[in-house]
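Student: The following file, my_file_2.tsv, comprises TSV, C-alpha atoms and all ligand atoms:
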chain	number	residue	atom	x	y	z
A	1	MET	CA	-15.86	12.14	9.28
A	2	ASP	CA	-13.91	9.16	10.68
A	3	PRO	CA	-10.45	8.77	9.19
A	4	ILE	CA	-10.10	5.74	6.91
A	5	LEU	CA	-7.14	4.65	8.99
A	6	GLU	CA	-5.67	5.74	12.26
A	7	ALA	CA	-2.33	4.56	13.65
A	8	ARG	CA	-2.08	5.15	17.39
A	9	GLY	CA	1.26	4.95	19.16
A	10	LEU	CA	2.61	1.99	17.21
A	11	PHE	CA	5.73	0.27	18.50
A	12	ARG	CA	7.31	-2.81	16.97
A	13	PHE	CA	10.30	-4.58	18.45
A	14	GLN	CA	12.31	-7.35	16.82
A	15	THR	CA	14.74	-9.70	18.53
A	16	VAL	CA	18.16	-9.26	16.92
A	17	HIS	CA	21.04	-11.31	18.37
A	18	GLY	CA	19.01	-11.88	21.54
A	19	GLU	CA	18.27	-8.19	22.01
A	20	GLN	CA	14.98	-6.34	21.63
A	21	VAL	CA	15.50	-3.70	18.97
A	22	PRO	CA	12.81	-1.07	18.26
A	23	ILE	CA	11.86	-1.00	14.56
A	24	LEU	CA	8.95	1.44	14.96
A	25	LYS	CA	8.80	3.99	17.74
A	26	ASP	CA	5.48	5.55	18.69
A	27	VAL	CA	4.12	6.02	15.15
A	28	SER	CA	0.80	7.90	14.98
A	29	PHE	CA	-1.01	9.42	12.01
A	30	ARG	CA	-4.38	9.46	10.23
A	31	LEU	CA	-5.48	9.03	6.65
A	32	GLU	CA	-8.49	11.03	5.56
A	33	PRO	CA	-10.89	9.49	3.01
A	34	GLY	CA	-9.91	10.15	-0.60
A	35	SER	CA	-6.38	11.29	0.25
A	36	PHE	CA	-3.18	10.24	-1.52
A	37	THR	CA	-0.46	10.06	1.12
A	38	THR	CA	3.14	8.98	0.72
A	39	ILE	CA	5.68	7.97	3.34
A	40	MET	CA	9.25	8.75	2.37
A	41	GLY	CA	11.85	6.68	4.19
A	42	PRO	CA	15.26	5.24	3.39
A	43	SER	CA	15.82	1.50	3.16
A	44	GLY	CA	15.56	-0.09	6.62
A	45	SER	CA	13.55	2.79	8.13
A	46	GLY	CA	10.59	0.52	8.91
A	47	LYS	CA	8.24	1.12	5.96
A	48	SER	CA	7.34	-2.51	5.24
A	49	THR	CA	7.03	-3.28	8.96
A	50	LEU	CA	4.61	-0.35	9.29
A	51	LEU	CA	2.47	-1.38	6.31
A	52	HIS	CA	2.20	-4.93	7.68
A	53	LEU	CA	0.93	-3.55	11.00
A	54	LEU	CA	-1.56	-1.27	9.21
A	55	ALA	CA	-2.91	-4.23	7.23
A	56	GLY	CA	-3.16	-6.44	10.31
A	57	LEU	CA	-0.66	-8.89	8.79
A	58	ASP	CA	1.58	-8.42	11.83
A	59	SER	CA	0.77	-7.22	15.36
A	60	PRO	CA	2.35	-4.21	17.04
A	61	SER	CA	4.30	-4.59	20.30
A	62	ALA	CA	2.19	-1.67	21.55
A	63	GLY	CA	-0.38	0.69	20.07
A	64	ASP	CA	-3.36	0.12	17.82
A	65	VAL	CA	-4.59	0.51	14.26
A	66	LEU	CA	-8.17	1.58	13.56
A	67	LEU	CA	-9.61	0.79	10.16
A	68	GLY	CA	-12.89	2.54	9.46
A	69	GLY	CA	-13.04	3.18	13.22
A	70	GLU	CA	-12.60	-0.50	14.15
A	71	SER	CA	-9.71	-1.54	16.39
A	72	LEU	CA	-7.40	-4.31	15.12
A	73	ALA	CA	-5.95	-4.83	18.62
A	74	GLN	CA	-9.39	-5.68	19.96
A	75	ALA	CA	-10.24	-8.03	17.09
A	76	ASP	CA	-9.41	-11.74	17.10
A	77	GLU	CA	-7.54	-13.31	14.18
A	78	ASP	CA	-10.71	-14.14	12.20
A	79	ARG	CA	-12.12	-10.67	12.69
A	80	ARG	CA	-8.80	-9.10	11.66
A	81	THR	CA	-8.88	-11.12	8.45
A	82	ALA	CA	-12.45	-9.98	7.79
A	83	ILE	CA	-11.54	-6.33	8.43
A	84	ARG	CA	-8.51	-6.64	6.14
A	85	ARG	CA	-10.54	-8.16	3.30
A	86	ARG	CA	-13.18	-5.48	3.63
A	87	SER	CA	-10.82	-2.54	4.00
A	88	ILE	CA	-7.52	-3.07	2.23
A	89	GLY	CA	-5.91	-3.75	-1.11
A	90	PHE	CA	-2.17	-4.39	-1.01
A	91	VAL	CA	0.34	-3.67	-3.79
A	92	PHE	CA	3.78	-5.25	-3.37
A	93	GLN	CA	7.19	-4.32	-4.75
A	94	PHE	CA	7.64	-7.79	-6.26
A	95	PHE	CA	4.07	-8.07	-7.62
A	96	ASN	CA	3.34	-11.47	-5.97
A	97	LEU	CA	1.43	-12.75	-9.01
A	98	LEU	CA	0.71	-16.47	-9.33
A	99	PRO	CA	2.74	-17.70	-12.32
A	100	ASP	CA	0.31	-20.42	-13.47
A	101	LEU	CA	-2.74	-18.16	-13.60
A	102	THR	CA	-3.61	-15.76	-16.40
A	103	VAL	CA	-3.79	-12.01	-15.84
A	104	ALA	CA	-7.59	-12.13	-15.51
A	105	GLU	CA	-7.40	-15.09	-13.11
A	106	ASN	CA	-4.84	-13.31	-10.96
A	107	VAL	CA	-7.06	-10.25	-10.82
A	108	VAL	CA	-10.18	-12.14	-9.65
A	109	LEU	CA	-8.31	-14.26	-7.10
A	110	PRO	CA	-9.21	-12.06	-4.08
A	111	LEU	CA	-12.90	-12.50	-4.97
A	112	LEU	CA	-12.53	-16.29	-4.98
A	113	ILE	CA	-10.64	-16.22	-1.69
A	114	GLY	CA	-13.41	-14.06	-0.23
A	115	GLY	CA	-15.97	-16.68	-1.29
A	116	GLU	CA	-17.49	-14.52	-4.04
A	117	ARG	CA	-18.41	-15.49	-7.57
A	118	PRO	CA	-16.20	-13.61	-10.06
A	119	ASP	CA	-18.88	-13.76	-12.79
A	120	ARG	CA	-20.97	-11.38	-10.67
A	121	HIS	CA	-18.17	-8.82	-10.96
A	122	ARG	CA	-17.39	-9.13	-14.65
A	123	ALA	CA	-18.12	-5.46	-15.41
A	124	LEU	CA	-15.78	-4.31	-12.66
A	125	VAL	CA	-13.02	-6.68	-13.78
A	126	ASP	CA	-13.36	-5.43	-17.37
A	127	GLU	CA	-13.28	-1.83	-16.17
A	128	LEU	CA	-10.17	-2.46	-14.07
A	129	LEU	CA	-8.34	-4.17	-16.94
A	130	GLU	CA	-9.29	-1.26	-19.25
A	131	THR	CA	-8.41	1.46	-16.77
A	132	LEU	CA	-5.03	-0.09	-16.10
A	133	GLY	CA	-4.33	-0.61	-19.80
A	134	ILE	CA	-4.00	-4.40	-19.57
A	135	ALA	CA	-7.20	-5.61	-21.25
A	136	ARG	CA	-5.22	-7.06	-24.16
A	137	LEU	CA	-3.15	-9.11	-21.70
A	138	ARG	CA	-6.07	-10.76	-19.95
A	139	ASP	CA	-5.36	-14.32	-21.13
A	140	ARG	CA	-1.57	-14.15	-20.81
A	141	VAL	CA	0.41	-15.59	-17.89
A	142	PRO	CA	2.72	-13.24	-15.96
A	143	ALA	CA	5.95	-14.67	-17.39
A	144	GLY	CA	6.87	-12.51	-20.36
A	145	LEU	CA	5.07	-9.40	-19.12
A	146	SER	CA	7.16	-6.32	-18.35
A	147	GLY	CA	7.55	-5.17	-14.76
A	148	GLY	CA	5.22	-2.25	-15.40
A	149	GLU	CA	2.58	-4.59	-16.82
A	150	MET	CA	2.91	-6.95	-13.85
A	151	GLN	CA	2.46	-4.04	-11.44
A	152	ARG	CA	-0.67	-2.96	-13.32
A	153	VAL	CA	-2.05	-6.47	-12.86
A	154	SER	CA	-1.29	-6.35	-9.17
A	155	ILE	CA	-3.02	-2.96	-8.83
A	156	ALA	CA	-6.11	-4.36	-10.58
A	157	ARG	CA	-6.03	-7.35	-8.21
A	158	ALA	CA	-5.74	-5.02	-5.20
A	159	LEU	CA	-8.81	-3.07	-6.36
A	160	VAL	CA	-11.11	-5.91	-7.37
A	161	THR	CA	-12.72	-6.14	-3.93
A	162	ARG	CA	-13.34	-2.34	-4.05
A	163	PRO	CA	-11.39	-1.70	-0.84
A	164	PRO	CA	-11.58	1.83	0.55
A	165	LEU	CA	-7.82	1.78	1.20
A	166	LEU	CA	-4.89	0.81	-0.99
A	167	LEU	CA	-1.50	0.20	0.65
A	168	ALA	CA	1.44	0.19	-1.78
A	169	ASP	CA	4.88	-0.98	-0.61
A	170	GLU	CA	7.53	0.51	-2.93
A	171	PRO	CA	5.42	-0.25	-6.01
A	172	THR	CA	8.07	1.23	-8.31
A	173	GLY	CA	11.07	-0.35	-6.59
A	174	ASN	CA	11.45	-3.00	-9.26
A	175	LEU	CA	10.63	-0.86	-12.30
A	176	SER	CA	12.47	1.39	-14.70
A	177	SER	CA	12.21	5.10	-14.01
A	178	LYS	CA	9.65	5.62	-16.81
A	179	ALA	CA	7.49	2.60	-15.85
A	180	GLY	CA	7.64	3.74	-12.22
A	181	GLU	CA	6.42	7.20	-13.13
A	182	GLU	CA	3.48	5.68	-15.04
A	183	ILE	CA	2.55	3.44	-12.10
A	184	VAL	CA	2.49	6.38	-9.67
A	185	ALA	CA	0.35	8.36	-12.13
A	186	LEU	CA	-2.03	5.39	-12.43
A	187	LEU	CA	-2.30	5.08	-8.66
A	188	ARG	CA	-3.18	8.76	-8.47
A	189	ASP	CA	-5.78	8.27	-11.16
A	190	VAL	CA	-7.23	5.29	-9.37
A	191	VAL	CA	-7.83	7.28	-6.17
A	192	SER	CA	-10.27	9.57	-7.87
A	193	ARG	CA	-11.79	7.00	-10.22
A	194	PHE	CA	-12.52	4.33	-7.60
A	195	GLU	CA	-12.82	6.75	-4.68
A	196	ALA	CA	-10.06	4.92	-2.86
A	197	THR	CA	-7.57	6.27	-0.36
A	198	VAL	CA	-3.93	5.49	-1.11
A	199	LEU	CA	-0.91	5.17	1.16
A	200	LEU	CA	2.30	4.63	-0.78
A	201	VAL	CA	5.65	4.04	0.95
A	202	THR	CA	8.87	4.61	-0.94
A	203	HIS	CA	12.54	5.48	-0.67
A	204	ASN	CA	12.27	7.41	-3.95
A	205	PRO	CA	11.86	11.21	-3.49
A	206	ARG	CA	10.19	11.57	-6.90
A	207	ASP	CA	7.50	9.02	-6.00
A	208	ALA	CA	7.08	10.57	-2.57
A	209	ALA	CA	6.50	13.97	-4.17
A	210	ALA	CA	3.37	12.61	-5.89
A	211	GLY	CA	1.56	12.61	-2.54
A	212	ASP	CA	-0.86	15.34	-1.47
A	213	ARG	CA	0.79	14.80	1.89
A	214	VAL	CA	4.31	13.46	2.37
A	215	LEU	CA	5.28	11.95	5.73
A	216	PHE	CA	8.88	11.11	6.62
A	217	LEU	CA	10.00	7.94	8.39
A	218	HIS	CA	13.51	7.72	9.78
A	219	ASP	CA	14.83	4.93	12.01
A	220	GLY	CA	11.28	3.98	12.93
A	221	VAL	CA	10.25	7.52	13.86
A	222	LEU	CA	7.49	9.34	12.00
A	223	ASP	CA	6.85	12.92	13.04
A	224	PRO	CA	3.66	14.23	11.38
A	225	GLY	CA	4.92	17.73	12.26
A	226	HIS	CA	7.54	17.32	9.53
A	227	SER	CA	5.09	16.42	6.80
A	228	LEU	CA	4.75	18.35	3.54
A	229	GLU	CA	1.34	19.15	2.11
A	230	GLY	CA	-0.21	20.45	-1.08
A	231	ASP	CA	1.47	20.46	-4.45
A	232	VAL	CA	4.72	18.93	-3.17
A	233	GLY	CA	7.68	19.12	-5.53
A	234	VAL	CA	10.63	16.77	-5.54
A	235	HIS	CA	12.91	19.65	-4.48
A	236	ALA	CA	10.84	20.18	-1.34
A	237	VAL	CA	11.20	16.47	-0.51
A	238	HIS	CA	14.98	16.64	-0.95
A	239	ALA	CA	15.15	19.81	1.15
A	240	ARG	CA	13.16	18.22	3.99
A	241	LEU	CA	15.34	15.09	3.86
A	242	GLU	CA	18.40	17.28	4.25
A	243	GLU	CA	16.80	19.22	7.12
A	244	LEU	CA	15.98	15.95	8.91
A	245	GLY	CA	19.48	14.62	8.28
A	246	ILE	CA	18.17	11.59	6.41
B	1	LIG	N1	11.79	-10.14	11.15
B	1	LIG	C1	12.75	-9.28	11.47
B	1	LIG	N2	13.70	-9.59	12.38
B	1	LIG	C2	14.67	-8.69	12.69
B	1	LIG	N3	14.77	-7.48	12.15
B	1	LIG	C3	13.88	-7.13	11.24
B	1	LIG	C4	12.82	-7.99	10.84
B	1	LIG	N4	12.07	-7.34	9.91
B	1	LIG	C5	12.65	-6.15	9.73
B	1	LIG	N5	13.73	-6.02	10.51
B	1	LIG	C6	14.59	-4.82	10.59
B	1	LIG	O1	13.76	-3.71	10.80
B	1	LIG	C7	14.22	-2.58	10.08
B	1	LIG	C8	13.12	-2.05	9.19
B	1	LIG	O2	12.83	-3.03	8.18
B	1	LIG	P1	11.73	-2.76	7.06
B	1	LIG	O3	10.43	-2.49	7.71
B	1	LIG	O4	11.79	-3.90	6.12
B	1	LIG	O5	12.29	-1.42	6.40
B	1	LIG	P2	12.01	-0.80	4.94
B	1	LIG	O6	10.80	-1.45	4.38
B	1	LIG	O7	11.86	0.67	5.21
B	1	LIG	O8	13.25	-1.06	4.14
B	1	LIG	C9	15.47	-3.03	9.34
B	1	LIG	O9	16.59	-2.66	10.09
B	1	LIG	C10	15.33	-4.54	9.31
B	1	LIG	O10	16.60	-5.14	9.28
B	2	MG	MG	10.48	-2.46	2.63
Using structure tokens, write down the structure from this file.
Tutor:
Amino acid sequence: MDPILEARGLFRFQTVHGEQVPILKDVSFRLEPGSFTTIMGPSGSGKSTLLHLLAGLDSPSAGDVLLGGESLAQADEDRRTAIRRRSIGFVFQFFNLLPDLTVAENVVLPLLIGGERPDRHRALVDELLETLGIARLRDRVPAGLSGGEMQRVSIARALVTRPPLLLADEPTGNLSSKAGEEIVALLRDVVSRFEATVLLVTHNPRDAAAGDRVLFLHDGVLDPGHSLEGDVGVHAVHARLEELGI
């Protein structure tokens, strides 16, 4: 079976004070369908830069990303947008909800942007709101919701187009410890329920430990040889961080 996503030799440079600084250095890995993978990396290690490349929101300096076997490097801007809409749901640390829209309107927004009629997807929207425990909030605006509730809305929004892949950028970074734990559990639940594949990046060892596979990113370097697999405990994550000198 084709991997859902394949990163091949990704490099990303940024110009800092007139100098080309490498942010990502030769990053390669694959995500198998139905997997729940986490990338553990400290602040500034390149996690957000990597997710933007994987989603085709930014272009690598070298290397390629294949989504469902299709190359982003070989696609033009329009095609990249089409691939992204078809393949990816994105969950952000700061939720990125539109303040003037209700919860339900925020959730269906990707359908509208994709030129679809939300009324055709009412059953799915209801199921998402139920599954994420936010059905009672459907007519509320985001202001006044808790961080955990806002993140549930943003997960529902990310799933409404039924993307095969969910990319989550520090989804618990702005939440209390308890709300964060619930969000990670929900994301795990969602993988099996909606048959999605999840890639979650985090600087939190507890969140990282929720992955069936944990990859480590340090100063833009990701060595799949250092990954942990199986029922990964938080102690194993801490031990590997120490080993890697992170
Ligand atoms: N647009 C940019 N210009 C210059 N440096 C950047 C830019 N974006 C990110 N960086 C640098 O790249 C590194 C990785 O950033 P980022 O991907 O945001 O890391 P993380 O998400 O792991 O905290 C950091 O050192 C950051 O300062
Ligand atoms: Mg980041």
Student: Would you please work out which residue, of A:Ala75, A:Gly173, A:Gln93, A:Ala156, is nearest to Pro110 in chain A when using all atoms listed in the file?
Tutor: A:Ala156
Student: Can I get the residues of range 22-105 of chain A within 12 Å of range 2-9 of chain A, each with the closest pair of atoms and their distance in Å to one decimal, using only C-alpha atoms, sorted chain first then ascending number, as CSV?
Tutor:
residue,atom,partner,partner_atom,distance
A:Leu24,CA,A:Gly9,CA,9.4
A:Lys25,CA,A:Gly9,CA,7.7
A:Asp26,CA,A:Gly9,CA,4.3
A:Val27,CA,A:Gly9,CA,5.0
A:Ser28,CA,A:Arg8,CA,4.7
A:Phe29,CA,A:Ala7,CA,5.3
A:Arg30,CA,A:Glu6,CA,4.4
A:Leu31,CA,A:Leu5,CA,5.2
A:Glu32,CA,A:Pro3,CA,4.7
A:Pro33,CA,A:Ile4,CA,5.5
A:Gly34,CA,A:Ile4,CA,8.7
A:Ser35,CA,A:Ile4,CA,9.4
A:Phe36,CA,A:Ile4,CA,11.8
A:Thr37,CA,A:Leu5,CA,11.7
A:Leu50,CA,A:Ala7,CA,9.6
A:Leu51,CA,A:Ala7,CA,10.6
A:Leu53,CA,A:Ala7,CA,9.1
A:Leu54,CA,A:Ala7,CA,7.4
A:Ala55,CA,A:Leu5,CA,10.0
A:Gly56,CA,A:Ala7,CA,11.5
A:Pro60,CA,A:Gly9,CA,9.5
A:Ser61,CA,A:Gly9,CA,10.1
A:Ala62,CA,A:Gly9,CA,7.1
A:Gly63,CA,A:Gly9,CA,4.7
A:Asp64,CA,A:Arg8,CA,5.2
A:Val65,CA,A:Ala7,CA,4.7
A:Leu66,CA,A:Glu6,CA,5.0
A:Leu67,CA,A:Leu5,CA,4.7
A:Gly68,CA,A:Ile4,CA,5.0
A:Gly69,CA,A:Asp2,CA,6.6
A:Glu70,CA,A:Leu5,CA,9.1
A:Ser71,CA,A:Glu6,CA,9.3
A:Leu72,CA,A:Ala7,CA,10.3
A:Ala73,CA,A:Arg8,CA,10.8
A:Ile83,CA,A:Leu5,CA,11.8
A:Arg84,CA,A:Leu5,CA,11.7
A:Ser87,CA,A:Ile4,CA,8.8
A:Ile88,CA,A:Leu5,CA,10.3
Student: Residues within 9 Å of ligand LIG 1 (chain B) should be enumerated using all atoms listed in the file and returned as a VMD selection string.
Tutor: chain A and resid 12 to 17 21 to 24 40 to 52 169 to 170 201 to 203 217 to 220
Student: Leaving out Phe95 in chain A and any residue of its chain fewer than 3 positions from it, which residues lie within 6 Å of it when counting all atoms listed in the file, given as a PyMOL selection string?
Tutor: chain A and resi 92+151+154
Student: Put those residues in a file: C-alpha atoms, as a PDB file, keeping the file's coordinate frame.
Tutor:
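Written output follows (selection27.pdb):
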ATOM      1  CA  PHE A  92       3.780  -5.250  -3.370  1.00  0.00           C
ATOM      2  CA  GLN A 151       2.460  -4.040 -11.440  1.00  0.00           C
ATOM      3  CA  SER A 154      -1.290  -6.350  -9.170  1.00  0.00           C
TER       4      SER A 154
END
Student: Which one is closest to ligand MG 2 (chain B): A:Leu222, A:Ile39, A:Ala82, A:Leu186? Count only C-alpha atoms and all ligand atoms.
Tutor: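 Once distances to ligand MG 2 (chain B) are computed over only C-alpha atoms and all ligand atoms, the minimum belongs to A:Ile39.
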Student: Taking (-2.1, -6.1, -18.2) in the coordinates of the supplied file, I want to know which residues reach to within 6 Å of it, counting all atoms listed in the file; could you give the answer as a PyMOL selection string?
Tutor: chain A and resi 134-135+137+149+152-153
Student: Just give me the gap between CA of Asp126 in chain A and CA of Gly144 in chain A in Å, one decimal is fine.
Tutor: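 Calculated distance between CA of Asp126 in chain A and CA of Gly144 in chain A is 21.6 Å.
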Student: As an exercise, work out the distance from CA of Pro163 in chain A to CA of Gly115 in chain A in Å and give it to one decimal place.
Tutor: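 Between CA of Pro163 in chain A and CA of Gly115 in chain A the gap is 15.7 Å.
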Student: I'd like the interatomic distance between CA of Glu130 in chain A and CA of Thr38 in chain A, to a tenth of an Å.
Tutor: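 Between CA of Glu130 in chain A and CA of Thr38 in chain A the gap works out to 25.7 Å.
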Student: Quick one: everything within 12 Å of His235 in chain A, counting all atoms listed in the file, minus sequence neighbours fewer than 6 positions away in the same chain. Send it as number ranges by chain.
Tutor: A: 205-206, 208-210, 228, 241-242
Student: Tell me, as a list in words, which residues lie within 9 Å of Arg140 in chain A, counting only C-alpha atoms; anything in the same chain fewer than 3 positions away does not count.
Tutor: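 The contact residues come out as Leu101, Thr102, Val103, Ala104, Arg136, Leu137, Ala143, Gly144 and Leu145 of chain A.
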Student: For those residues, write C-alpha atoms to a file as a PDB file, in the frame of the given file.
Tutor:
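Writing done, so here's selection_7.pdb:
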ATOM      1  CA  LEU A 101      -2.740 -18.160 -13.600  1.00  0.00           C
ATOM      2  CA  THR A 102      -3.610 -15.760 -16.400  1.00  0.00           C
ATOM      3  CA  VAL A 103      -3.790 -12.010 -15.840  1.00  0.00           C
ATOM      4  CA  ALA A 104      -7.590 -12.130 -15.510  1.00  0.00           C
ATOM      5  CA  ARG A 136      -5.220  -7.060 -24.160  1.00  0.00           C
ATOM      6  CA  LEU A 137      -3.150  -9.110 -21.700  1.00  0.00           C
ATOM      7  CA  ALA A 143       5.950 -14.670 -17.390  1.00  0.00           C
ATOM      8  CA  GLY A 144       6.870 -12.510 -20.360  1.00  0.00           C
ATOM      9  CA  LEU A 145       5.070  -9.400 -19.120  1.00  0.00           C
TER      10      LEU A 145
END
Student: Can you work out which one of A:Asp212, A:Glu105, A:Glu181, A:Asp78 has the shortest atom-to-atom distance to Glu229 in chain A, counting all atoms listed in the file?
Tutor: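 Using all atoms listed in the file, Glu229 in chain A sits closest to A:Asp212.
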Student: Which residue is closest to Ile183 in chain A? Choose from A:Leu97, A:Met150, A:Ile113, A:Ala236 and count all atoms listed in the file.
Tutor: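 Among the listed residues, A:Met150 lies closest to Ile183 in chain A.
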Student: Taking into account all atoms listed in the file, which residue in the set A:Ile155, A:Thr197, A:Thr161, A:Ser146 is nearest to Asn174 in chain A?
Tutor: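 Using all atoms listed in the file, Asn174 in chain A sits closest to A:Ser146.
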